[in-house]
$ cat entry_29.cif   # mmCIF, C-alpha atoms and all ligand atoms
data_start
#
loop_
_atom_site.label_atom_id
_atom_site.label_comp_id
_atom_site.auth_asym_id
_atom_site.auth_seq_id
_atom_site.Cartn_x
_atom_site.Cartn_y
_atom_site.Cartn_z
CA MET A 1 0.00 0.00 0.00
CA VAL A 2 1.28 3.48 -0.81
CA GLN A 3 1.53 5.45 2.41
CA ASN A 4 0.85 9.18 2.51
CA ILE A 5 3.53 11.29 4.17
CA VAL A 6 3.23 15.03 4.81
CA PHE A 7 6.23 17.34 4.64
CA ILE A 8 5.59 20.41 6.74
CA THR A 9 7.55 23.41 5.56
CA GLY A 10 6.95 27.03 4.69
CA ASN A 11 10.01 27.08 2.46
CA GLU A 12 9.29 26.68 -1.27
CA ASN A 13 12.93 26.09 -2.17
CA LYS A 14 13.27 23.24 0.31
CA LEU A 15 10.06 21.70 -0.99
CA LYS A 16 11.32 21.81 -4.58
CA GLU A 17 14.56 20.04 -3.64
CA VAL A 18 12.91 17.49 -1.36
CA LYS A 19 10.38 16.52 -4.05
CA MET A 20 13.31 15.78 -6.38
CA LEU A 21 15.24 13.92 -3.70
CA LEU A 22 12.38 11.66 -2.68
CA ALA A 23 11.09 10.92 -6.19
CA PRO A 24 11.18 7.17 -6.90
CA GLY A 25 13.96 5.99 -9.19
CA GLU A 26 13.04 4.65 -12.62
CA SER A 27 12.97 1.03 -11.49
CA GLU A 28 11.44 1.75 -8.06
CA ALA A 29 7.76 1.23 -7.34
CA PRO A 30 6.65 4.15 -5.16
CA VAL A 31 6.05 3.16 -1.52
CA PHE A 32 4.87 6.56 -0.37
CA GLU A 33 3.07 9.60 -1.70
CA LEU A 34 4.36 12.98 -0.63
CA THR A 35 2.09 15.91 0.19
CA ASN A 36 2.95 19.27 1.69
CA ALA A 37 1.44 21.47 4.37
CA ASN A 38 2.61 24.97 5.10
CA ILE A 39 2.09 25.25 8.84
CA ASP A 40 4.11 27.83 10.72
CA LEU A 41 5.44 25.69 13.53
CA PRO A 42 7.05 27.22 16.60
CA GLU A 43 10.75 26.43 16.36
CA MET A 44 12.46 25.90 19.63
CA GLN A 45 16.06 27.03 19.32
CA SER A 46 18.82 24.99 20.84
CA GLY A 47 22.48 24.17 20.34
CA SER A 48 21.41 20.61 19.49
CA LEU A 49 20.26 20.31 15.88
CA GLU A 50 18.70 16.94 16.63
CA GLU A 51 16.67 18.39 19.51
CA ILE A 52 15.38 21.26 17.31
CA ALA A 53 14.18 18.80 14.64
CA ARG A 54 12.69 16.44 17.22
CA ILE A 55 10.66 19.21 18.85
CA LYS A 56 9.67 20.62 15.44
CA VAL A 57 8.15 17.29 14.37
CA SER A 58 6.45 16.87 17.76
CA GLU A 59 4.77 20.25 17.14
CA ALA A 60 3.79 19.06 13.65
CA LEU A 61 2.22 15.87 15.01
CA LYS A 62 -0.09 17.99 17.20
CA HIS A 63 -1.65 19.53 14.06
CA LEU A 64 -2.32 16.24 12.29
CA PRO A 65 -4.82 13.41 12.67
CA GLU A 66 -3.54 10.41 14.62
CA GLY A 67 -1.70 7.93 12.42
CA GLN A 68 -0.55 10.51 9.85
CA ALA A 69 3.13 10.13 8.99
CA VAL A 70 4.98 13.42 8.80
CA PHE A 71 8.46 14.86 8.50
CA VAL A 72 10.12 18.21 8.95
CA GLU A 73 13.69 19.31 8.40
CA ASP A 74 15.83 22.01 9.88
CA THR A 75 18.92 23.30 8.14
CA ALA A 76 21.90 24.90 9.82
CA LEU A 77 25.03 26.66 8.57
CA CYS A 78 27.95 26.22 10.95
CA PHE A 79 31.18 28.25 10.79
CA ASP A 80 34.36 26.46 11.92
CA GLU A 81 35.72 29.63 13.56
CA TYR A 82 32.47 30.13 15.48
CA ASN A 83 32.48 26.55 16.81
CA GLY A 84 29.30 25.71 14.92
CA LEU A 85 27.43 29.03 15.15
CA PRO A 86 25.30 30.54 13.62
CA GLY A 87 24.05 26.94 13.16
CA ALA A 88 20.26 26.81 13.26
CA TYR A 89 20.20 30.56 14.00
CA ILE A 90 21.35 31.25 10.42
CA LYS A 91 17.74 31.87 9.43
CA TRP A 92 17.52 34.85 11.79
CA PHE A 93 20.96 36.16 10.83
CA LEU A 94 19.94 36.06 7.16
CA LYS A 95 16.68 37.81 7.86
CA SER A 96 18.23 40.68 9.74
CA MET A 97 21.62 41.04 8.04
CA GLY A 98 21.33 39.58 4.54
CA PRO A 99 24.02 37.43 2.90
CA GLU A 100 26.59 40.24 2.33
CA LYS A 101 27.03 40.94 6.05
CA ILE A 102 27.11 37.25 6.90
CA VAL A 103 30.27 37.01 4.79
CA ARG A 104 31.72 39.96 6.77
CA MET A 105 31.34 37.91 9.98
CA LEU A 106 34.46 36.02 8.90
CA ASP A 107 36.56 39.08 8.03
CA GLY A 108 39.80 38.82 9.96
CA PHE A 109 39.67 35.04 10.05
CA GLU A 110 41.78 33.05 7.66
CA ASN A 111 39.66 29.95 8.06
CA LYS A 112 36.45 30.41 6.05
CA GLY A 113 35.42 26.78 6.59
CA ALA A 114 31.77 26.01 7.20
CA GLU A 115 29.48 23.03 7.30
CA ALA A 116 25.88 22.84 6.09
CA VAL A 117 23.76 20.43 8.10
CA THR A 118 20.24 19.20 7.40
CA THR A 119 18.45 17.30 10.13
CA VAL A 120 15.28 15.43 9.17
CA ALA A 121 12.80 14.30 11.80
CA TYR A 122 10.29 11.73 10.62
CA GLY A 123 7.25 10.96 12.78
CA ASP A 124 5.87 7.58 11.72
CA SER A 125 2.22 6.47 11.80
CA GLU A 126 2.70 5.33 15.41
CA GLY A 127 4.10 8.71 16.42
CA LYS A 128 7.62 7.34 16.81
CA ILE A 129 10.33 9.82 15.80
CA HIS A 130 13.33 8.92 13.62
CA ILE A 131 16.22 11.33 12.99
CA PHE A 132 18.45 11.47 9.90
CA GLN A 133 21.25 13.95 9.31
CA GLY A 134 23.38 14.98 6.34
CA ARG A 135 26.48 17.19 6.35
CA THR A 136 28.41 18.92 3.58
CA LYS A 137 31.64 20.82 4.17
CA GLY A 138 32.55 23.96 2.29
CA LYS A 139 33.65 27.54 2.72
CA ILE A 140 32.06 30.97 2.95
CA VAL A 141 32.79 33.14 -0.10
CA GLU A 142 31.68 36.52 -1.47
CA PRO A 143 28.13 35.97 -2.84
CA ARG A 144 28.07 34.45 -6.32
CA GLY A 145 25.02 33.31 -8.26
CA PRO A 146 21.34 34.23 -7.93
CA PRO A 147 20.31 35.11 -4.35
CA THR A 148 17.12 33.05 -4.56
CA PHE A 149 17.63 30.55 -1.75
CA GLY A 150 18.87 31.59 1.70
CA TRP A 151 22.67 31.41 1.86
CA ASP A 152 23.14 29.35 -1.35
CA CYS A 153 25.09 32.22 -2.96
CA LEU A 154 27.79 32.31 -0.27
CA PHE A 155 28.41 28.61 0.34
CA GLU A 156 30.98 26.87 -1.85
CA PRO A 157 31.01 23.13 -1.16
CA ILE A 158 34.33 21.28 -1.24
CA GLU A 159 32.81 18.33 -3.11
CA GLY A 160 31.55 20.51 -5.96
CA SER A 161 33.41 21.83 -8.98
CA GLY A 162 34.22 25.21 -7.46
CA GLY A 163 30.86 26.94 -7.72
CA THR A 164 28.58 28.09 -4.93
CA TYR A 165 25.33 26.19 -4.41
CA ALA A 166 23.56 29.10 -6.16
CA GLU A 167 25.77 28.68 -9.24
CA MET A 168 25.03 24.98 -9.51
CA GLU A 169 22.21 23.25 -11.37
CA LYS A 170 19.71 21.82 -8.87
CA LYS A 171 20.55 18.30 -9.99
CA ASP A 172 24.24 18.93 -9.24
CA LYS A 173 23.53 20.51 -5.85
CA ASN A 174 21.37 17.48 -5.11
CA LYS A 175 24.31 15.13 -5.71
CA ILE A 176 26.37 16.59 -2.88
CA SER A 177 24.19 18.71 -0.62
CA GLN A 178 23.63 18.10 3.08
CA ARG A 179 19.92 17.84 2.26
CA SER A 180 20.46 15.07 -0.30
CA LYS A 181 22.52 13.07 2.23
CA ALA A 182 19.85 13.38 4.93
CA PHE A 183 16.99 12.52 2.57
CA ALA A 184 18.86 9.57 1.07
CA GLN A 185 18.76 8.07 4.57
CA LEU A 186 15.05 8.79 5.01
CA LYS A 187 14.32 7.29 1.58
CA GLU A 188 16.38 4.20 2.35
CA TYR A 189 14.52 3.82 5.65
CA LEU A 190 11.09 4.15 4.02
CA TYR A 191 11.95 1.68 1.25
CA THR A 192 13.53 -0.97 3.48
CA LYS A 193 10.76 -0.68 6.09
CA ALA A 194 8.20 -1.35 3.36
CA ALA A 195 10.14 -4.35 2.01
O1 LIG A 201 21.17 28.60 0.71
C1 LIG A 201 20.53 27.77 1.31
N1 LIG A 201 20.61 26.48 0.90
C2 LIG A 201 19.97 25.48 1.50
O2 LIG A 201 20.07 24.31 1.09
C3 LIG A 201 19.16 25.86 2.61
N2 LIG A 201 18.35 25.20 3.42
C4 LIG A 201 17.82 26.10 4.27
N3 LIG A 201 18.28 27.32 4.00
C5 LIG A 201 18.00 28.56 4.73
O3 LIG A 201 18.51 28.40 6.04
C6 LIG A 201 17.52 28.74 7.02
C7 LIG A 201 17.06 27.44 7.62
O4 LIG A 201 16.00 27.58 8.48
P1 LIG A 201 14.87 26.47 8.59
O5 LIG A 201 15.47 25.12 8.36
O6 LIG A 201 14.11 26.68 9.83
O7 LIG A 201 13.99 26.78 7.30
P2 LIG A 201 12.62 27.60 7.08
O8 LIG A 201 12.15 28.20 8.37
O9 LIG A 201 12.83 28.52 5.92
O10 LIG A 201 11.62 26.48 6.60
P3 LIG A 201 10.75 25.43 7.50
O11 LIG A 201 11.28 25.47 8.88
O12 LIG A 201 9.34 25.89 7.37
O13 LIG A 201 10.99 24.10 6.83
C8 LIG A 201 16.44 29.46 6.23
O14 LIG A 201 16.76 30.82 6.16
C9 LIG A 201 16.52 28.82 4.84
O15 LIG A 201 16.07 29.67 3.82
C10 LIG A 201 19.10 27.22 2.97
N4 LIG A 201 19.79 28.15 2.33
MG MG A 202 11.97 27.13 10.00
#

$ encode --input "entry_29.cif" --output "structure tokens"
Amino acid sequence: MVQNIVFITGNENKLKEVKMLLAPGESEAPVFELTNANIDLPEMQSGSLEEIARIKVSEALKHLPEGQAVFVEDTALCFDEYNGLPGAYIKWFLKSMGPEKIVRMLDGFENKGAEAVTTVAYGDSEGKIHIFQGRTKGKIVEPRGPPTFGWDCLFEPIEGSGGTYAEMEKKDKNKISQRSKAFAQLKEYLYTKAA
């Protein structure tokens, strides 16, 4: 039976990527159907990315009928020189400063290293929570590429071919991004559980 799973997010760019990442492969029979709900969930902030995602999905479960499977994700951008900050707070830094000033936060530091982290929390039909996490290392650079998605224009992944996320085709970003690594684990879990 094809199970329905709801992805709760207010972020159109995330939704676009996640739809691509969870699409069944050519030889795969779909085991779940993905729908989306834009519910503005309260986001508890914490130093623990896992705890943020866990609480976020618990909030989501409160809005849904019992037995509905759901997932959320929370994405952080962690600077090496800041010992992991801004982390999950990057959203608020972006909102108040914009990408240009975020780059200036590393002026005076030689090490521009950063790590993008996506943490997925999946609440299954029994309300049990499963956590999956993907990480991609890179560096913070002067903005390059269209400023359409958060900090995409200032993050240059090491695994890529030298471009920022914003300069990459979606399909290429999806080969190496922290989000693709986290969702590959969720997909694997959903497919093996159904087997
Ligand atoms: O350049 C980017 N490439 C990415 O791959 C990416 N993923 C997330 N973000 C941004 O980082 C903050 C995360 O906050 P966040 O995880 O709470 O997201 P959100 O509040 O926008 O959506 P949601 O919580 O409703 O799902 C938000 O400012 C997002 O726009 C990204 N920026
Ligand atoms: Mg959010």

$ residues_around --input "entry_29.cif" --residues "stretch 107-124 of chain A" --least-positions-apart "2" --cutoff "7 Å" --atoms "only C-alpha atoms" --output "PyMOL selection string"
chain A and resi 49-50+53-54+57+69-81+104-105+126-140+178-179+182

$ write_last_selection --input "entry_29.cif" --atoms "C-alpha atoms" --output "PDB file, keeping the file's coordinate frame"
ATOM      1  CA  LEU A  49      20.260  20.310  15.880  1.00  0.00           C
ATOM      2  CA  GLU A  50      18.700  16.940  16.630  1.00  0.00           C
ATOM      3  CA  ALA A  53      14.180  18.800  14.640  1.00  0.00           C
ATOM      4  CA  ARG A  54      12.690  16.440  17.220  1.00  0.00           C
ATOM      5  CA  VAL A  57       8.150  17.290  14.370  1.00  0.00           C
ATOM      6  CA  ALA A  69       3.130  10.130   8.990  1.00  0.00           C
ATOM      7  CA  VAL A  70       4.980  13.420   8.800  1.00  0.00           C
ATOM      8  CA  PHE A  71       8.460  14.860   8.500  1.00  0.00           C
ATOM      9  CA  VAL A  72      10.120  18.210   8.950  1.00  0.00           C
ATOM     10  CA  GLU A  73      13.690  19.310   8.400  1.00  0.00           C
ATOM     11  CA  ASP A  74      15.830  22.010   9.880  1.00  0.00           C
ATOM     12  CA  THR A  75      18.920  23.300   8.140  1.00  0.00           C
ATOM     13  CA  ALA A  76      21.900  24.900   9.820  1.00  0.00           C
ATOM     14  CA  LEU A  77      25.030  26.660   8.570  1.00  0.00           C
ATOM     15  CA  CYS A  78      27.950  26.220  10.950  1.00  0.00           C
ATOM     16  CA  PHE A  79      31.180  28.250  10.790  1.00  0.00           C
ATOM     17  CA  ASP A  80      34.360  26.460  11.920  1.00  0.00           C
ATOM     18  CA  GLU A  81      35.720  29.630  13.560  1.00  0.00           C
ATOM     19  CA  ARG A 104      31.720  39.960   6.770  1.00  0.00           C
ATOM     20  CA  MET A 105      31.340  37.910   9.980  1.00  0.00           C
ATOM     21  CA  GLU A 126       2.700   5.330  15.410  1.00  0.00           C
ATOM     22  CA  GLY A 127       4.100   8.710  16.420  1.00  0.00           C
ATOM     23  CA  LYS A 128       7.620   7.340  16.810  1.00  0.00           C
ATOM     24  CA  ILE A 129      10.330   9.820  15.800  1.00  0.00           C
ATOM     25  CA  HIS A 130      13.330   8.920  13.620  1.00  0.00           C
ATOM     26  CA  ILE A 131      16.220  11.330  12.990  1.00  0.00           C
ATOM     27  CA  PHE A 132      18.450  11.470   9.900  1.00  0.00           C
ATOM     28  CA  GLN A 133      21.250  13.950   9.310  1.00  0.00           C
ATOM     29  CA  GLY A 134      23.380  14.980   6.340  1.00  0.00           C
ATOM     30  CA  ARG A 135      26.480  17.190   6.350  1.00  0.00           C
ATOM     31  CA  THR A 136      28.410  18.920   3.580  1.00  0.00           C
ATOM     32  CA  LYS A 137      31.640  20.820   4.170  1.00  0.00           C
ATOM     33  CA  GLY A 138      32.550  23.960   2.290  1.00  0.00           C
ATOM     34  CA  LYS A 139      33.650  27.540   2.720  1.00  0.00           C
ATOM     35  CA  ILE A 140      32.060  30.970   2.950  1.00  0.00           C
ATOM     36  CA  GLN A 178      23.630  18.100   3.080  1.00  0.00           C
ATOM     37  CA  ARG A 179      19.920  17.840   2.260  1.00  0.00           C
ATOM     38  CA  ALA A 182      19.850  13.380   4.930  1.00  0.00           C
TER      39      ALA A 182
END

$ atom_distance --input "entry_29.cif" --atom1 "atom CA of A:Arg144" --atom2 "atom CA of A:Lys101"
14.0 Å

$ residues_around --input "entry_29.cif" --residues "A:Ile5" --least-positions-apart "6" --cutoff "12 Å" --atoms "only C-alpha atoms" --output "number ranges by chain"
A: 19, 22, 31-37, 61, 64, 67-72, 122-125, 186-187, 190

$ closest_residue --input "entry_29.cif" --among "A:Ala60, A:Leu106, A:Met20, A:Val6" --to "A:Ile39" --atoms "all atoms listed in the file"
A:Ala60

$ residues_near_ligand --input "entry_29.cif" --ligand "ligand LIG 201 (chain A)" --cutoff "7 Å" --atoms "all atoms listed in the file" --output "compact mmCIF listing (two decimals) with C-alpha atoms, in the frame of the given file"
# COMPACT_ATOMS: atom_id res chain seq x y z
CA ILE A 8 5.59 20.41 6.74
CA THR A 9 7.55 23.41 5.56
CA GLY A 10 6.95 27.03 4.69
CA ASN A 11 10.01 27.08 2.46
CA LYS A 14 13.27 23.24 0.31
CA ASP A 40 4.11 27.83 10.72
CA VAL A 72 10.12 18.21 8.95
CA GLU A 73 13.69 19.31 8.40
CA ASP A 74 15.83 22.01 9.88
CA THR A 75 18.92 23.30 8.14
CA ALA A 76 21.90 24.90 9.82
CA ALA A 88 20.26 26.81 13.26
CA ILE A 90 21.35 31.25 10.42
CA LYS A 91 17.74 31.87 9.43
CA TRP A 92 17.52 34.85 11.79
CA LEU A 94 19.94 36.06 7.16
CA PHE A 149 17.63 30.55 -1.75
CA GLY A 150 18.87 31.59 1.70
CA TRP A 151 22.67 31.41 1.86
CA ASP A 152 23.14 29.35 -1.35
CA CYS A 153 25.09 32.22 -2.96
CA ARG A 179 19.92 17.84 2.26

$ closest_residue --input "entry_29.cif" --among "A:His63, A:Lys175, A:Lys193, A:Lys95" --to "ligand MG 202 (chain A)" --atoms "all atoms listed in the file"
A:Lys95

$ closest_residue --input "entry_29.cif" --among "A:Asn13, A:Phe93, A:Leu41, A:Tyr82" --to "A:Lys62" --atoms "all atoms listed in the file"
A:Leu41

$ closest_residue --input "entry_29.cif" --among "A:Met1, A:Met44, A:Leu21, A:Met168" --to "ligand MG 202 (chain A)" --atoms "all atoms listed in the file"
A:Met44

$ closest_residue --input "entry_29.cif" --among "A:Ile52, A:Leu154, A:Ala23, A:Ala184" --to "ligand MG 202 (chain A)" --atoms "all atoms listed in the file"
A:Ile52

$ closest_residue --input "entry_29.cif" --among "A:Phe183, A:Tyr191, A:Phe155, A:Tyr89" --to "ligand MG 202 (chain A)" --atoms "only C-alpha atoms and all ligand atoms"
A:Tyr89

$ atom_distance --input "entry_29.cif" --atom1 "atom CA of A:Met97" --atom2 "atom CA of A:Leu85"
15.1 Å

$ atom_distance --input "entry_29.cif" --atom1 "atom CA of A:Asn174" --atom2 "atom CA of A:Ser58"
27.3 Å

$ residues_around --input "entry_29.cif" --residues "A:Asp172" --least-positions-apart "2" --cutoff "12 Å" --atoms "all atoms listed in the file" --output "NGL selection string"
:A and (17 or 20-21 or 157 or 159-170 or 174-177 or 180)

$ axis_aligned_box --input "entry_29.cif" --around "stretch 100-109 of chain A" --padding-each-side "4 Å" --output "lines of an AutoDock Vina configuration file"
center_x = 33.2
center_y = 38.0
center_z = 6.2
size_x = 21.2
size_y = 13.9
size_z = 15.7

$ build_atoms --input "entry_29.cif" --residues "stretch 43-58 of chain A" --atoms "N, CA and C atoms" --output "PDB file, keeping the file's coordinate frame"
ATOM      1  N   GLU A  43       9.468  27.127  16.430  1.00  0.00           N
ATOM      2  CA  GLU A  43      10.750  26.430  16.360  1.00  0.00           C
ATOM      3  C   GLU A  43      11.552  26.730  17.591  1.00  0.00           C
ATOM      4  N   MET A  44      11.639  25.755  18.446  1.00  0.00           N
ATOM      5  CA  MET A  44      12.460  25.900  19.630  1.00  0.00           C
ATOM      6  C   MET A  44      13.919  25.998  19.172  1.00  0.00           C
ATOM      7  N   GLN A  45      14.664  26.928  19.703  1.00  0.00           N
ATOM      8  CA  GLN A  45      16.060  27.030  19.320  1.00  0.00           C
ATOM      9  C   GLN A  45      16.921  26.350  20.386  1.00  0.00           C
ATOM     10  N   SER A  46      17.971  25.727  19.915  1.00  0.00           N
ATOM     11  CA  SER A  46      18.820  24.990  20.840  1.00  0.00           C
ATOM     12  C   SER A  46      20.170  24.797  20.173  1.00  0.00           C
ATOM     13  N   GLY A  47      21.179  24.483  20.929  1.00  0.00           N
ATOM     14  CA  GLY A  47      22.480  24.170  20.340  1.00  0.00           C
ATOM     15  C   GLY A  47      22.463  22.795  19.694  1.00  0.00           C
ATOM     16  N   SER A  48      21.478  21.965  20.054  1.00  0.00           N
ATOM     17  CA  SER A  48      21.410  20.610  19.490  1.00  0.00           C
ATOM     18  C   SER A  48      20.479  20.584  18.292  1.00  0.00           C
ATOM     19  N   LEU A  49      21.059  20.309  17.107  1.00  0.00           N
ATOM     20  CA  LEU A  49      20.260  20.310  15.880  1.00  0.00           C
ATOM     21  C   LEU A  49      19.228  19.188  15.923  1.00  0.00           C
ATOM     22  N   GLU A  50      19.624  18.083  16.533  1.00  0.00           N
ATOM     23  CA  GLU A  50      18.700  16.940  16.630  1.00  0.00           C
ATOM     24  C   GLU A  50      17.492  17.308  17.505  1.00  0.00           C
ATOM     25  N   GLU A  51      17.754  18.018  18.591  1.00  0.00           N
ATOM     26  CA  GLU A  51      16.670  18.390  19.510  1.00  0.00           C
ATOM     27  C   GLU A  51      15.691  19.361  18.816  1.00  0.00           C
ATOM     28  N   ILE A  52      16.229  20.296  18.028  1.00  0.00           N
ATOM     29  CA  ILE A  52      15.380  21.260  17.310  1.00  0.00           C
ATOM     30  C   ILE A  52      14.436  20.504  16.374  1.00  0.00           C
ATOM     31  N   ALA A  53      14.994  19.545  15.612  1.00  0.00           N
ATOM     32  CA  ALA A  53      14.180  18.800  14.640  1.00  0.00           C
ATOM     33  C   ALA A  53      13.153  17.919  15.346  1.00  0.00           C
ATOM     34  N   ARG A  54      13.584  17.320  16.452  1.00  0.00           N
ATOM     35  CA  ARG A  54      12.690  16.440  17.220  1.00  0.00           C
ATOM     36  C   ARG A  54      11.487  17.217  17.750  1.00  0.00           C
ATOM     37  N   ILE A  55      11.744  18.406  18.283  1.00  0.00           N
ATOM     38  CA  ILE A  55      10.660  19.210  18.850  1.00  0.00           C
ATOM     39  C   ILE A  55       9.779  19.754  17.713  1.00  0.00           C
ATOM     40  N   LYS A  56      10.425  20.097  16.595  1.00  0.00           N
ATOM     41  CA  LYS A  56       9.670  20.620  15.440  1.00  0.00           C
ATOM     42  C   LYS A  56       8.658  19.567  14.954  1.00  0.00           C
ATOM     43  N   VAL A  57       9.085  18.318  14.855  1.00  0.00           N
ATOM     44  CA  VAL A  57       8.150  17.290  14.370  1.00  0.00           C
ATOM     45  C   VAL A  57       7.100  16.973  15.441  1.00  0.00           C
ATOM     46  N   SER A  58       7.453  17.087  16.702  1.00  0.00           N
ATOM     47  CA  SER A  58       6.450  16.870  17.760  1.00  0.00           C
ATOM     48  C   SER A  58       5.357  17.924  17.650  1.00  0.00           C
TER      49      SER A  58
END
